[in-house]
Amino acid sequence: MAEGNTNLKPSNPWSPFYLAGSDSSGVMLTAVLLRGEANYDNWAKLMKNALKAKNKLGFVTGVLKKPERETGEEWRAWEMCNSMINGWIHNTIDPKLQPFIKCFDQVKDLWEDLKERCAMQNFPRHYQLRASLATIRQQGSTVGEYYRKLRAIWDELEASKTYRSCVCGDNCFHAKDVSDDSEDVRVY
């Protein structure tokens with residue numbers, strides 16, 4: 001750990017290496033269990049949010065890399081947090097799937113493996129969602145109920161799409177195209 005860098009000290013509550021007394025490997029960060037392709041997108045979104053709240057998202061994204069020197073305070077802190085997050089993720093995987101999930105030394109590798117296994121683009125589901133948008137009717141329901149049904153389909157369709165990340169900033173044409181595409185689907 002760099003001298004004087006208190007941001008990475010495990011005792012600093014703002015450090016990604018900080019573990020509160022209430023943190024344990026038995027904690028479930030989200031009530032949603034990963035069941036596979038059926039709910040990977042929702043599970044991943046909730047897990048990322050929970051890890052972000054605990055200042056641990058950098059472990060699964062790879063921003064917080066394992067220290068090369070296997071000694072010292074930073075290495076021990078990284079190992080403890082990595083193991084804790086590994087436990088948190090395994091606690092939110094359906095017990096029926098757990099025997100098929102490989103154990104990894106680094107939680108980033110576990111995260112990527114789960115994504116590879118479960119986050120497959122589901123073109124038949126896209127078709128089904130678009131078809132339901134084309135055939136949905138109000139049929140006596142209130143405007144609010146009808147809108148909630150539409151919104152649920154729009155949200156599921158949007159969540160199932162994958163886009164490459166862009167770092168252009170606020171004036172990004174790609175982001176505008178994505179937004180326009182989503183609006184076109186809603187209008188259709």
# chains A, B, ... in the order shown; residues from 1 in each chain; ligands from 1
call {"tool": "residues_around", "arguments": {"residues": "Asp109 of chain A", "least_positions_apart": "6", "cutoff": "12 Å", "atoms": "only C-alpha atoms", "output": "list in words"}}
result
Phe59, Val60, Thr61, Gly62, Lys65, Lys66, Asn82, Asn86, Ile101, Lys102, Cys103, Lys115 and Glu116 of chain A
call {"tool": "residues_around", "arguments": {"residues": "Cys81 of chain A", "least_positions_apart": "4", "cutoff": "9 Å", "atoms": "only C-alpha atoms", "output": "PyMOL selection string"}}
result
chain A and resi 16-19+56+59+76-77+85-86
call {"tool": "write_last_selection", "arguments": {"atoms": "N, CA, C and O atoms", "output": "compact mmCIF listing (two decimals), in the first residue's frame"}}
result
# COMPACT_ATOMS: atom_id res chain seq x y z
N PRO A 16 -12.21 0.76 -0.71
CA PRO A 16 -12.83 -0.46 -1.24
C PRO A 16 -12.41 -1.70 -0.46
O PRO A 16 -13.04 -2.75 -0.57
N PHE A 17 -11.37 -1.58 0.35
CA PHE A 17 -10.91 -2.72 1.16
C PHE A 17 -11.58 -2.77 2.53
O PHE A 17 -11.34 -3.68 3.31
N TYR A 18 -12.42 -1.80 2.83
CA TYR A 18 -13.08 -1.75 4.14
C TYR A 18 -14.18 -2.80 4.22
O TYR A 18 -15.00 -2.94 3.31
N LEU A 19 -14.19 -3.55 5.30
CA LEU A 19 -15.27 -4.49 5.58
C LEU A 19 -15.88 -4.11 6.92
O LEU A 19 -15.18 -4.02 7.93
N LYS A 56 -17.49 -2.08 -3.60
CA LYS A 56 -16.75 -3.29 -3.99
C LYS A 56 -16.90 -3.62 -5.48
O LYS A 56 -16.41 -4.65 -5.93
N PHE A 59 -13.90 -4.81 -7.75
CA PHE A 59 -13.37 -6.17 -7.70
C PHE A 59 -13.91 -7.00 -8.88
O PHE A 59 -13.18 -7.78 -9.46
N ARG A 76 -3.38 -8.60 1.82
CA ARG A 76 -4.29 -9.28 2.75
C ARG A 76 -5.70 -8.69 2.65
O ARG A 76 -6.69 -9.42 2.65
N ALA A 77 -5.79 -7.37 2.55
CA ALA A 77 -7.10 -6.71 2.44
C ALA A 77 -7.79 -7.12 1.14
O ALA A 77 -8.99 -7.41 1.13
N ILE A 85 -16.65 -11.20 -1.36
CA ILE A 85 -17.51 -10.97 -2.53
C ILE A 85 -17.84 -12.29 -3.21
O ILE A 85 -18.97 -12.51 -3.66
N ASN A 86 -16.87 -13.18 -3.26
CA ASN A 86 -17.09 -14.51 -3.82
C ASN A 86 -18.24 -15.20 -3.08
O ASN A 86 -19.14 -15.77 -3.69
call {"tool": "residues_around", "arguments": {"residues": "Pro95 of chain A", "least_positions_apart": "3", "cutoff": "10 Å", "atoms": "only C-alpha atoms", "output": "PyMOL selection string"}}
result
chain A and resi 33-35+90-92+98-100
call {"tool": "closest_residue", "arguments": {"among": "A:Met84, A:Gly58, A:Ser15, A:Ile89", "to": "Thr30 of chain A", "atoms": "only C-alpha atoms"}}
result
A:Ile89
call {"tool": "residues_around", "arguments": {"residues": "Trp14 of chain A", "least_positions_apart": "4", "cutoff": "12 Å", "atoms": "only C-alpha atoms", "output": "ChimeraX atom specification"}}
result
/A:6-10,18-20,52-56
call {"tool": "residues_around", "arguments": {"residues": "Val27 of chain A", "least_positions_apart": "5", "cutoff": "9 Å", "atoms": "only C-alpha atoms", "output": "list in words"}}
result
Ser22, Gly87, Trp88 and Asn91 of chain A
call {"tool": "closest_residue", "arguments": {"among": "A:His126, A:Met28, A:Lys45, A:Glu73", "to": "Ile93 of chain A", "atoms": "only C-alpha atoms"}}
result
A:Met28
